[in-house]
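Novice: See entry.txt below, with compact mmCIF, C-alpha atoms and all ligand atoms.
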# COMPACT_ATOMS: atom_id res chain seq x y z
CA MET A 1 0.00 0.00 0.00
CA SER A 2 1.21 3.52 -0.79
CA ASP A 3 1.58 6.29 1.69
CA VAL A 4 -0.06 9.59 0.70
CA PHE A 5 2.53 11.35 2.81
CA ASN A 6 5.42 10.17 0.61
CA VAL A 7 4.22 10.96 -2.87
CA GLN A 8 6.95 10.98 -5.50
CA ASP A 9 7.00 13.11 -8.63
CA GLY A 10 7.39 11.81 -12.19
CA THR A 11 4.75 9.09 -12.26
CA GLU A 12 4.66 7.30 -15.63
CA LYS A 13 1.55 8.55 -17.44
CA SER A 14 1.35 6.01 -20.26
CA VAL A 15 -0.97 4.01 -18.01
CA LEU A 16 -4.15 5.18 -16.31
CA SER A 17 -3.17 5.75 -12.70
CA VAL A 18 -5.97 5.06 -10.25
CA ALA A 19 -5.89 5.95 -6.55
CA LEU A 20 -8.28 4.07 -4.28
CA VAL A 21 -8.93 6.08 -1.12
CA GLY A 22 -10.85 4.17 1.55
CA PRO A 23 -10.33 3.60 5.26
CA HIS A 24 -12.59 0.53 5.16
CA ASP A 25 -10.29 -2.31 4.04
CA GLN A 26 -12.95 -4.73 2.86
CA ARG A 27 -14.74 -2.24 0.61
CA ARG A 28 -11.49 -0.81 -0.79
CA GLU A 29 -10.14 -4.29 -1.49
CA ALA A 30 -13.36 -5.26 -3.25
CA VAL A 31 -12.91 -2.33 -5.64
CA ALA A 32 -9.20 -3.10 -6.07
CA ALA A 33 -10.04 -6.72 -6.90
CA ALA A 34 -12.48 -5.58 -9.60
CA ILE A 35 -9.73 -3.54 -11.27
CA ALA A 36 -6.89 -6.01 -10.70
CA GLY A 37 -5.30 -7.43 -13.80
CA ARG A 38 -6.63 -4.83 -16.22
CA SER A 39 -3.92 -3.84 -18.64
CA GLY A 40 -3.04 -0.15 -18.83
CA VAL A 41 -4.22 0.54 -15.30
CA ALA A 42 -1.98 1.09 -12.27
CA VAL A 43 -3.75 1.00 -8.92
CA GLU A 44 -2.56 2.42 -5.62
CA GLU A 45 -4.50 2.00 -2.40
CA PHE A 46 -4.69 4.51 0.46
CA SER A 47 -6.21 3.55 3.78
CA SER A 48 -6.97 7.09 4.98
CA TYR A 49 -8.52 10.22 3.52
CA PRO A 50 -5.76 12.69 2.56
CA ASP A 51 -5.65 16.19 4.00
CA GLU A 52 -5.67 19.13 1.60
CA GLY A 53 -1.94 19.16 0.86
CA GLU A 54 -1.86 15.40 0.40
CA ALA A 55 -4.88 15.57 -1.90
CA LEU A 56 -3.01 18.00 -4.16
CA ALA A 57 -0.05 15.62 -4.31
CA LEU A 58 -2.40 12.74 -5.05
CA GLU A 59 -3.97 14.65 -7.95
CA ASP A 60 -0.49 15.25 -9.40
CA ARG A 61 0.10 11.55 -9.76
CA SER A 62 -3.40 10.14 -10.36
CA ASP A 63 -5.72 10.27 -13.36
CA VAL A 64 -8.64 8.85 -11.41
CA ILE A 65 -9.31 9.07 -7.66
CA VAL A 66 -11.90 6.64 -6.31
CA VAL A 67 -13.23 7.60 -2.88
CA ASP A 68 -15.08 5.56 -0.23
CA ALA A 69 -18.27 7.53 0.42
CA ASP A 70 -19.21 5.69 3.62
CA SER A 71 -16.34 5.81 6.12
CA ASP A 72 -16.68 9.55 6.77
CA PRO A 73 -19.37 10.87 4.39
CA ASP A 74 -18.75 14.59 5.02
CA ARG A 75 -15.01 14.24 4.64
CA ALA A 76 -15.40 12.10 1.52
CA LEU A 77 -17.77 14.65 -0.02
CA SER A 78 -15.55 17.63 0.74
CA LEU A 79 -12.48 15.74 -0.59
CA ALA A 80 -14.33 14.84 -3.79
CA GLN A 81 -15.54 18.42 -4.13
CA SER A 82 -12.03 19.87 -3.78
CA ILE A 83 -10.65 17.49 -6.38
CA CYS A 84 -13.56 18.11 -8.76
CA SER A 85 -13.25 21.88 -8.40
CA ARG A 86 -9.60 21.75 -9.53
CA GLY A 87 -10.50 19.48 -12.44
CA ARG A 88 -7.09 17.80 -12.63
CA ALA A 89 -8.26 14.24 -11.91
CA SER A 90 -11.54 12.38 -12.46
CA VAL A 91 -13.33 11.49 -9.25
CA MET A 92 -15.41 8.36 -8.69
CA ALA A 93 -16.97 7.14 -5.45
CA TYR A 94 -18.23 3.87 -4.03
CA SER A 95 -20.58 2.93 -1.23
CA GLY A 96 -21.82 -0.20 0.48
CA GLN A 97 -25.35 1.22 0.59
CA ALA A 98 -27.71 1.69 -2.32
CA ASP A 99 -28.70 5.22 -1.28
CA VAL A 100 -29.73 7.31 -4.27
CA LYS A 101 -29.59 10.53 -2.26
CA VAL A 102 -25.92 9.98 -1.39
CA ALA A 103 -25.13 9.18 -5.02
CA ILE A 104 -26.88 12.37 -6.17
CA ARG A 105 -24.91 14.49 -3.70
CA PHE A 106 -21.66 13.15 -5.12
CA MET A 107 -22.73 13.42 -8.75
CA ARG A 108 -23.87 17.02 -8.20
CA ILE A 109 -20.41 18.18 -7.22
CA GLY A 110 -18.93 16.61 -10.35
CA VAL A 111 -18.15 13.01 -9.36
CA ARG A 112 -18.16 11.09 -12.64
CA GLU A 113 -19.23 7.63 -11.49
CA PHE A 114 -20.82 6.27 -8.32
CA PHE A 115 -20.65 2.52 -7.61
CA THR A 116 -22.70 0.52 -5.16
CA LEU A 117 -21.02 -2.57 -3.74
CA PRO A 118 -20.98 -5.41 -4.54
CA LEU A 119 -19.78 -4.41 -8.00
CA GLU A 120 -21.56 -6.05 -10.84
CA GLY A 121 -19.95 -7.23 -14.08
CA PRO A 122 -17.58 -4.88 -15.80
CA GLU A 123 -19.07 -1.61 -14.47
CA ILE A 124 -15.85 -0.30 -12.97
CA ALA A 125 -13.79 -1.46 -15.97
CA ASP A 126 -16.21 0.39 -18.26
CA ALA A 127 -15.98 3.51 -16.10
CA LEU A 128 -12.18 3.42 -16.24
CA ALA A 129 -12.32 2.97 -20.00
CA ARG A 130 -14.44 6.12 -20.21
CA ALA A 131 -11.98 7.93 -17.95
CA SER A 132 -9.03 6.91 -20.10
CA VAL A 133 -10.77 8.31 -23.20
CA ARG A 134 -11.06 11.65 -21.41
CA GLN A 135 -7.31 11.71 -20.69
CA PRO A 136 -5.17 13.71 -20.96
CA SER A 137 -7.25 16.79 -21.78
CA GLN A 138 -9.28 16.26 -18.62
CA ARG A 139 -6.16 16.63 -16.53
CA GLN A 140 -5.42 20.04 -17.96
CA ALA A 141 -8.99 21.28 -17.84
CA SER A 142 -9.91 23.64 -15.09
CA HIS A 143 -13.30 25.14 -14.34
CA ALA A 144 -14.94 27.80 -16.50
CA PRO A 145 -14.22 31.45 -15.63
CA SER A 146 -15.81 32.17 -12.31
CA LYS A 147 -18.85 34.35 -11.86
CA VAL A 148 -19.25 36.64 -8.86
CA CYS A 149 -22.76 37.49 -7.58
CA VAL A 150 -22.82 40.27 -5.00
CA PHE A 151 -25.86 40.95 -2.78
CA LEU A 152 -26.15 44.48 -1.41
CA GLY A 153 -29.06 46.01 0.52
CA THR A 154 -30.54 49.49 0.45
CA LYS A 155 -31.30 49.24 4.17
CA GLY A 156 -30.69 46.75 7.01
CA GLY A 157 -33.41 44.12 7.24
CA CYS A 158 -34.24 44.22 3.49
CA GLY A 159 -33.52 40.49 3.24
CA VAL A 160 -29.98 40.52 1.81
CA THR A 161 -28.81 37.60 3.92
CA ALA A 162 -31.94 35.49 3.42
CA LEU A 163 -31.76 36.01 -0.35
CA ALA A 164 -27.97 35.66 -0.74
CA ALA A 165 -27.84 32.45 1.31
CA ASN A 166 -30.80 30.83 -0.42
CA PHE A 167 -29.73 32.01 -3.87
CA ALA A 168 -26.31 30.41 -3.21
CA VAL A 169 -27.93 27.10 -2.21
CA ALA A 170 -30.10 27.17 -5.34
CA LEU A 171 -27.12 28.08 -7.51
CA ALA A 172 -25.06 25.16 -6.15
CA GLN A 173 -27.96 22.81 -6.83
CA GLU A 174 -29.05 24.13 -10.21
CA SER A 175 -25.57 24.65 -11.69
CA GLU A 176 -24.11 21.49 -10.11
CA ARG A 177 -20.82 23.40 -10.11
CA PRO A 178 -18.52 24.35 -7.21
CA THR A 179 -20.19 27.30 -5.49
CA LEU A 180 -19.00 29.39 -2.55
CA LEU A 181 -21.00 31.71 -0.29
CA MET A 182 -18.93 34.37 1.50
CA ASP A 183 -20.43 36.43 4.31
CA PHE A 184 -19.04 39.96 4.43
CA GLY A 185 -21.89 41.28 6.54
CA LEU A 186 -19.21 42.15 9.12
CA PRO A 187 -19.13 42.25 12.06
CA LEU A 188 -22.39 40.40 12.63
CA GLY A 189 -23.03 38.36 9.49
CA ASP A 190 -25.47 35.51 9.86
CA ALA A 191 -25.56 33.80 6.46
CA ALA A 192 -24.26 30.47 7.81
CA ILE A 193 -26.71 30.58 10.72
CA ASN A 194 -29.51 31.18 8.19
CA LEU A 195 -28.57 27.85 6.65
CA GLY A 196 -28.47 26.09 10.02
CA MET A 197 -24.69 25.71 9.89
CA ILE A 198 -22.26 25.84 12.76
CA THR A 199 -18.92 27.05 11.47
CA GLU A 200 -15.49 26.95 13.00
CA PHE A 201 -13.69 29.48 10.80
CA SER A 202 -14.60 32.71 9.12
CA VAL A 203 -13.70 35.45 6.68
CA ALA A 204 -11.54 36.91 9.48
CA ASN A 205 -9.24 33.83 9.41
CA ALA A 206 -8.86 34.20 5.64
CA LEU A 207 -8.09 37.92 5.82
CA LYS A 208 -5.78 37.78 8.82
CA ASP A 209 -2.78 36.61 6.81
CA ALA A 210 -4.01 37.46 3.32
CA PRO A 211 -0.60 37.53 1.56
CA ARG A 212 -0.17 33.84 2.41
CA LEU A 213 -3.74 32.86 1.53
CA ASP A 214 -4.03 30.16 -1.13
CA GLY A 215 -6.61 27.62 -2.26
CA ASN A 216 -5.47 24.97 0.22
CA PHE A 217 -5.75 27.29 3.18
CA LEU A 218 -9.09 28.66 2.01
CA ARG A 219 -10.53 25.15 1.76
CA THR A 220 -9.61 24.42 5.36
CA LEU A 221 -11.78 27.38 6.43
CA LEU A 222 -14.92 26.31 4.61
CA ALA A 223 -17.99 24.49 5.84
CA THR A 224 -20.13 22.44 3.44
CA HIS A 225 -23.92 22.70 3.33
CA SER A 226 -25.96 19.61 2.46
CA SER A 227 -26.67 21.16 -0.95
CA THR A 228 -22.86 20.96 -1.64
CA LEU A 229 -22.55 24.75 -1.23
CA SER A 230 -19.27 25.78 0.43
CA VAL A 231 -19.61 28.53 3.02
CA LEU A 232 -17.10 31.00 4.41
CA ALA A 233 -18.92 32.47 7.39
CA ALA A 234 -18.70 35.88 9.01
CA PRO A 235 -16.72 36.12 12.27
CA SER A 236 -18.71 35.57 15.40
CA ASP A 237 -17.04 38.23 17.53
CA PHE A 238 -16.77 42.01 17.30
CA ARG A 239 -13.30 43.17 16.22
CA LEU A 240 -14.08 46.59 14.83
CA ASP A 241 -10.45 47.65 15.39
CA GLN A 242 -9.32 45.18 12.74
CA ALA A 243 -11.19 46.34 9.63
CA PRO A 244 -9.61 44.42 6.73
CA GLY A 245 -8.02 46.43 3.92
CA VAL A 246 -9.26 46.29 0.36
CA GLU A 247 -6.07 44.47 -0.81
CA ALA A 248 -6.77 41.61 1.59
CA ILE A 249 -10.38 41.39 0.44
CA ASN A 250 -9.32 41.40 -3.22
CA LYS A 251 -6.80 38.64 -2.52
CA LEU A 252 -9.47 36.50 -0.89
CA LEU A 253 -11.78 37.01 -3.85
CA ALA A 254 -8.99 36.17 -6.31
CA VAL A 255 -8.19 32.91 -4.49
CA ALA A 256 -11.90 32.06 -4.32
CA ARG A 257 -12.21 32.65 -8.07
CA GLN A 258 -9.42 30.20 -8.76
CA ASN A 259 -11.21 27.50 -6.81
CA PHE A 260 -14.93 28.05 -7.42
CA GLU A 261 -17.05 28.55 -10.48
CA PHE A 262 -19.68 30.62 -8.67
CA ILE A 263 -19.06 32.99 -5.78
CA VAL A 264 -21.97 34.57 -3.93
CA ALA A 265 -21.19 37.39 -1.48
CA ASP A 266 -23.50 38.74 1.23
CA LEU A 267 -22.26 42.32 1.55
CA GLY A 268 -25.10 43.53 3.79
CA SER A 269 -25.08 47.31 3.31
CA ARG A 270 -21.28 47.58 2.93
CA LEU A 271 -20.91 50.58 0.63
CA ASP A 272 -17.32 50.85 1.89
CA LEU A 273 -16.53 47.86 -0.35
CA LEU A 274 -17.51 49.71 -3.53
CA SER A 275 -13.84 50.11 -4.49
CA SER A 276 -13.12 46.40 -4.04
CA ALA A 277 -13.02 43.76 -6.76
CA PHE A 278 -16.50 42.64 -5.68
CA PHE A 279 -17.83 45.50 -7.81
CA ASP A 280 -15.75 44.83 -10.94
CA GLU A 281 -17.66 45.11 -14.21
CA SER A 282 -17.73 41.32 -14.47
CA SER A 283 -19.62 40.91 -11.17
CA ILE A 284 -23.39 40.90 -11.02
CA VAL A 285 -24.70 43.21 -8.32
CA TYR A 286 -28.06 42.16 -6.87
CA LEU A 287 -29.40 45.31 -5.22
CA VAL A 288 -31.99 44.19 -2.67
CA THR A 289 -34.70 46.67 -1.74
CA GLN A 290 -38.31 46.82 -0.61
CA VAL A 291 -41.34 48.89 -1.45
CA GLY A 292 -41.03 51.53 1.26
CA ILE A 293 -40.20 55.22 1.26
CA SER A 294 -36.69 55.06 2.69
CA GLU A 295 -35.75 51.81 0.88
CA LEU A 296 -36.79 53.21 -2.51
CA ARG A 297 -35.14 56.55 -1.81
CA ASN A 298 -31.89 54.81 -0.87
CA ALA A 299 -32.17 52.60 -3.95
CA ASN A 300 -32.58 55.68 -6.13
CA ARG A 301 -29.48 57.30 -4.63
CA MET A 302 -27.37 54.17 -4.87
CA ILE A 303 -28.35 53.44 -8.47
CA SER A 304 -27.82 57.04 -9.60
CA GLN A 305 -24.56 57.58 -7.75
CA PHE A 306 -22.84 54.22 -8.05
CA PHE A 307 -24.50 51.95 -10.57
CA ALA A 308 -25.92 54.18 -13.30
CA ARG A 309 -23.50 52.75 -15.88
CA ARG A 310 -24.34 49.14 -15.08
CA ASN A 311 -26.77 47.40 -17.40
CA ASP A 312 -27.56 43.69 -16.94
CA ASN A 313 -24.79 43.45 -14.37
CA LEU A 314 -27.09 45.33 -11.98
CA GLN A 315 -30.12 43.22 -11.04
CA ILE A 316 -32.68 44.96 -8.85
CA VAL A 317 -34.51 42.68 -6.44
CA LEU A 318 -37.75 43.87 -4.86
CA ASN A 319 -38.10 41.77 -1.74
CA ARG A 320 -41.26 41.12 0.27
CA TYR A 321 -43.28 42.19 -2.76
CA LYS A 322 -47.03 42.21 -2.08
CA PRO A 323 -48.98 43.23 -5.17
CA ALA A 324 -52.27 43.51 -3.33
CA THR A 325 -51.20 45.97 -0.65
CA LEU A 326 -48.90 48.31 -2.50
CA LEU A 327 -48.70 51.92 -1.46
CA PHE A 328 -46.92 52.57 -4.74
CA ASP A 329 -47.88 51.29 -8.15
CA ASP A 330 -45.35 49.72 -10.50
CA LYS A 331 -44.87 52.99 -12.40
CA HIS A 332 -43.79 54.83 -9.26
CA ILE A 333 -41.50 52.01 -8.24
CA GLU A 334 -39.87 51.97 -11.67
CA LYS A 335 -39.40 55.74 -11.55
CA ALA A 336 -37.73 55.53 -8.14
CA LEU A 337 -35.48 52.71 -9.30
CA THR A 338 -34.78 54.50 -12.61
CA ARG A 339 -35.48 51.18 -14.34
CA PRO A 340 -37.70 48.11 -13.91
CA ALA A 341 -36.79 45.62 -11.18
CA GLN A 342 -35.68 42.30 -12.66
CA TRP A 343 -36.88 40.25 -9.68
CA LYS A 344 -39.88 40.40 -7.37
CA ILE A 345 -39.64 38.10 -4.37
CA PRO A 346 -42.94 37.49 -2.59
CA ASP A 347 -43.49 38.21 1.06
CA ASP A 348 -43.58 34.76 2.61
CA TYR A 349 -43.35 35.01 6.36
CA SER A 350 -44.24 31.39 7.06
CA SER A 351 -41.60 29.93 4.70
CA ALA A 352 -38.96 32.37 5.96
CA ARG A 353 -39.78 31.49 9.54
CA ARG A 354 -40.09 27.73 8.97
CA THR A 355 -36.74 27.38 7.24
CA GLN A 356 -34.70 29.97 9.10
CA ASN A 357 -31.71 28.53 10.97
CA THR A 358 -32.29 25.03 9.61
CA ALA A 359 -30.30 23.10 7.02
CA ASN A 360 -33.50 22.84 4.94
CA ALA A 361 -32.95 26.11 3.16
CA MET A 362 -35.90 28.13 1.88
CA ALA A 363 -34.54 27.62 -1.64
CA MET A 364 -35.06 23.87 -1.27
CA ALA A 365 -38.73 24.14 -0.31
CA ASP A 366 -41.72 24.19 -2.63
CA ALA A 367 -43.15 27.66 -2.08
CA PRO A 368 -43.50 30.73 -4.32
CA ILE A 369 -40.54 32.38 -2.58
CA SER A 370 -38.38 29.28 -3.23
CA GLN A 371 -39.40 29.18 -6.88
CA ALA A 372 -38.56 32.86 -7.31
CA ILE A 373 -35.10 32.36 -5.80
CA ARG A 374 -34.50 29.30 -7.96
CA GLN A 375 -35.41 31.28 -11.07
CA MET A 376 -32.80 33.88 -10.14
CA ALA A 377 -30.19 31.14 -9.66
CA ARG A 378 -31.07 29.35 -12.91
CA THR A 379 -30.76 32.60 -14.84
CA ALA A 380 -27.41 33.36 -13.17
CA CYS A 381 -25.96 30.05 -14.35
CA GLY A 382 -27.37 30.31 -17.84
CA LEU A 383 -30.16 27.76 -17.48
CA PRO A 384 -33.57 28.36 -19.03
CA ALA A 385 -36.41 29.35 -16.71
CA GLU A 386 -38.53 26.38 -15.68
CA LYS A 387 -41.73 26.67 -17.67
CA GLU A 388 -44.12 25.34 -15.05
CA GLU A 389 -42.68 27.53 -12.35
CA LYS A 390 -42.75 30.51 -14.66
CA LYS A 391 -46.46 30.03 -15.20
CA LYS A 392 -47.07 29.81 -11.47
CA LEU A 393 -44.96 32.91 -10.83
CA PHE A 394 -46.78 34.97 -13.39
CA GLY A 395 -50.00 33.80 -11.77
CA PHE A 396 -48.72 34.92 -8.42
CA PHE A 397 -47.73 38.37 -9.56
CA ARG A 398 -50.70 39.07 -11.71
N1 LIG B 1 -39.39 37.64 1.21
C1 LIG B 1 -39.45 37.50 2.53
N2 LIG B 1 -40.61 37.13 3.12
C2 LIG B 1 -40.68 37.00 4.47
N3 LIG B 1 -39.65 37.17 5.31
C3 LIG B 1 -38.46 37.54 4.77
C4 LIG B 1 -38.30 37.72 3.36
N4 LIG B 1 -37.01 38.07 3.13
C5 LIG B 1 -36.39 38.10 4.34
N5 LIG B 1 -37.25 37.79 5.33
C6 LIG B 1 -36.97 37.74 6.78
O1 LIG B 1 -36.65 39.05 7.22
C7 LIG B 1 -35.69 39.04 8.26
C8 LIG B 1 -34.52 39.94 7.88
O2 LIG B 1 -33.88 39.42 6.74
P1 LIG B 1 -32.29 39.41 6.55
O3 LIG B 1 -32.01 38.57 5.37
O4 LIG B 1 -31.60 39.04 7.83
O5 LIG B 1 -32.03 40.95 6.23
P2 LIG B 1 -30.64 41.73 6.01
O6 LIG B 1 -29.56 40.75 5.82
O7 LIG B 1 -30.88 42.59 4.81
O8 LIG B 1 -30.46 42.57 7.25
C9 LIG B 1 -35.28 37.59 8.43
O9 LIG B 1 -35.98 37.07 9.51
C10 LIG B 1 -35.74 36.93 7.13
O10 LIG B 1 -36.04 35.56 7.30
MG MG B 2 -27.77 40.41 6.85
When written as structure tokens, how does the structure in this file appear?
Ligand SMILES: Nc1ncnc2c1ncn2[C@@H]1O[C@H](COP(=O)(O)OP(=O)(O)O)[C@@H](O)[C@H]1O
Ligand SMILES: [Mg+2]
Specialist:
Amino acid sequence: MSDVFNVQDGTEKSVLSVALVGPHDQRREAVAAAIAGRSGVAVEEFSSYPDEGEALALEDRSDVIVVDADSDPDRALSLAQSICSRGRASVMAYSGQADVKVAIRFMRIGVREFFTLPLEGPEIADALARASVRQPSQRQASHAPSKVCVFLGTKGGCGVTALAANFAVALAQESERPTLLMDFGLPLGDAAINLGMITEFSVANALKDAPRLDGNFLRTLLATHSSTLSVLAAPSDFRLDQAPGVEAINKLLAVARQNFEFIVADLGSRLDLLSSAFFDESSIVYLVTQVGISELRNANRMISQFFARRNDNLQIVLNRYKPATLLFDDKHIEKALTRPAQWKIPDDYSSARRTQNTANAMAMADAPISQAIRQMARTACGLPAEKEEKKKLFGFFR
């Protein structure tokens, strides 16, 4: 058996190199036995999950990494997600249980094949044959250019956190691509709490030693939501004396962009970040507001002063929209906003309340508010609007 800690460089690449990673000997050996004797395949077995640095070394020498999904499901999923996000090796997974939900979670983050033990017939041999066809271009491929979605509010309490967190969950699910939610609602951000997550590390850890920040370090700070969304939470304590500089914030965003295809940022009402890379032309700014005198007045000022030159890269979101009880009609709202709002999110107190602080995010429910958030996410990742939902939404807003 090989030792992940002593990985050598210069592996011969004329054969398909397969790494089997599984603490459970019997399951790992069953997979190894199914591959044994195949020509053109070199198998190495590892009896523990690698840490981040070891995983990078493993990717350097392996074309395919096959992970045991059962021994430590969260660790296996986050390992598979890291490897998939870098795109240097194909990832497959195996499990002793025929649980479709587990398989879907792995497939959604980019795992190519999922096997249920006992293996039947040539299924793993066929999967390796497919993997070898994809080589070597697969090894060089990385993810598509990343897209940054920034949520900014016109007033505290507008719903920035609820929308950013649920949009991020929906985006991870709909795009099935590596997606990161970053909470910059400092010093009291609550995006992770909104998703029922307890987090150990935060944005503050990433910014503390920003010059040394890289993808490996960033990954150690992330928590993973059941939707596969990665989350970098806000710090849990007040440290107003340590406001991070814009260079540190830009470095964090640059590292995130190298490692994730979609980045969603909850910026609360942080207008002080306007000069940061979060507001580059390539980012989409979701300006969250409500139908109220001060919210619309603030929206008007912000759009005129800061975002007048933005076109589709400014998306106005009217939250808690209640067509029946409007003080203002759509014409007045449009005038205040200087343009039509792209998104109207219904007021849905019971869904917001039911799903708040639980892992069952609002975006995952079946309510008008969830459908509206999913439509936003589908549009952001270039998917067509779902026809049925569209009909329902139009019905709702009519
Ligand atoms: N569309 C909505 N319908 C009902 N409640 C909502 C809606 N959007 C947000 N909320 C609720 O309003 C409260 C404030 O939202 P939050 O996202 O924390 O605001 P912000 O981050 O802008 O301060 C939360 O309890 C949230 O669940
Ligand atoms: Mg907030």
Novice: Calculated over only C-alpha atoms, which of the candidates A:Glu176, A:Glu52, A:Asp70, A:Asp183 has the smallest distance to Val111 in chain A?
Specialist: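 For Val111 in chain A, the nearest of the candidates is A:Glu176.
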Novice: What is the CA of Ile193 in chain A to CA of Gly268 in chain A distance in Å?
Specialist: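 Between CA of Ile193 in chain A and CA of Gly268 in chain A the gap is 14.8 Å.
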Novice: What is the CA of Asp126 in chain A-CA of Ala172 in chain A distance in Å, reported with one decimal?
Specialist: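 Computed distance, CA of Asp126 in chain A to CA of Ala172 in chain A, equals 29.0 Å.
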Novice: Residues within 6 Å of ligand MG 2 (chain B) should be enumerated using only C-alpha atoms and all ligand atoms and returned as a list of chain:residue names.
Specialist: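 Listing the residues within 6 Å of ligand MG 2 (chain B) gives A:Val160, A:Thr161, A:Gly185, A:Gly189, A:Gly268.
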Novice: Write the selection just made, keeping C-alpha atoms, as a tab-separated table (two decimals), keeping the file's coordinate frame?
Specialist:
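Wrote it out as again-v4.tsv, contents follow:
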chain	number	residue	atom	x	y	z
A	160	VAL	CA	-29.98	40.52	1.81
A	161	THR	CA	-28.81	37.60	3.92
A	185	GLY	CA	-21.89	41.28	6.54
A	189	GLY	CA	-23.03	38.36	9.49
A	268	GLY	CA	-25.10	43.53	3.79
Novice: Closest to ligand LIG 1 (chain B) among A:Gly156, A:Pro368, A:Gly196, A:Gly53, using all atoms listed in the file?
Specialist: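 The closest residue to ligand LIG 1 (chain B) is A:Gly156.
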Novice: For ligand LIG 1 (chain B), collect every residue having any atom at a distance of at most 10 Å from a ligand atom (counting all atoms listed in the file); output as an MDAnalysis selection string.
Specialist: chainID A and resid 151:166 185 188:191 194 266:269 288:290 318:322 344:357 362 368:370 372:373
Novice: Given only C-alpha atoms as the basis, pick out the residue of A:Phe260, A:Phe167, A:Phe46, A:Phe201 nearest to Glu29 in chain A.
Specialist: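 Comparing A:Phe260, A:Phe167, A:Phe46, A:Phe201 against Glu29 in chain A, the winner is A:Phe46.
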Novice: Quick check, in Å to one decimal: how far apart do CA of Pro73 in chain A and CA of Met197 in chain A lie?
Specialist: 16.7 Å
Novice: Please list, as a ChimeraX atom specification, the residues that have an atom at most 6 Å away from (-24.2, 37.8, -10.2) in the coordinates of this file, counting all atoms listed in the file.
Specialist: /A:148-150,283-285
Novice: Considering only C-alpha atoms, can you say which of A:Leu271, A:Ala308, A:Leu229, A:Ala367 comes closest to Arg339 in chain A?
Specialist: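 Among the listed residues, the smallest separation from Arg339 in chain A belongs to A:Ala308.
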Novice: Identify which of the residues A:Ala210, A:Val100, A:Val31, A:Ala170 lies closest to Ala125 in chain A, counting only C-alpha atoms when measuring atom-to-atom distances.
Specialist: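 Smallest separation from Ala125 in chain A among the options: A:Val31.
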Novice: Using all atoms listed in the file for the distances, tell me which of A:Val255, A:Ala36, A:Cys381, A:Ala336 is nearest to Arg177 in chain A.
Specialist: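 Once distances to Arg177 in chain A are computed over all atoms listed in the file, the minimum belongs to A:Cys381.
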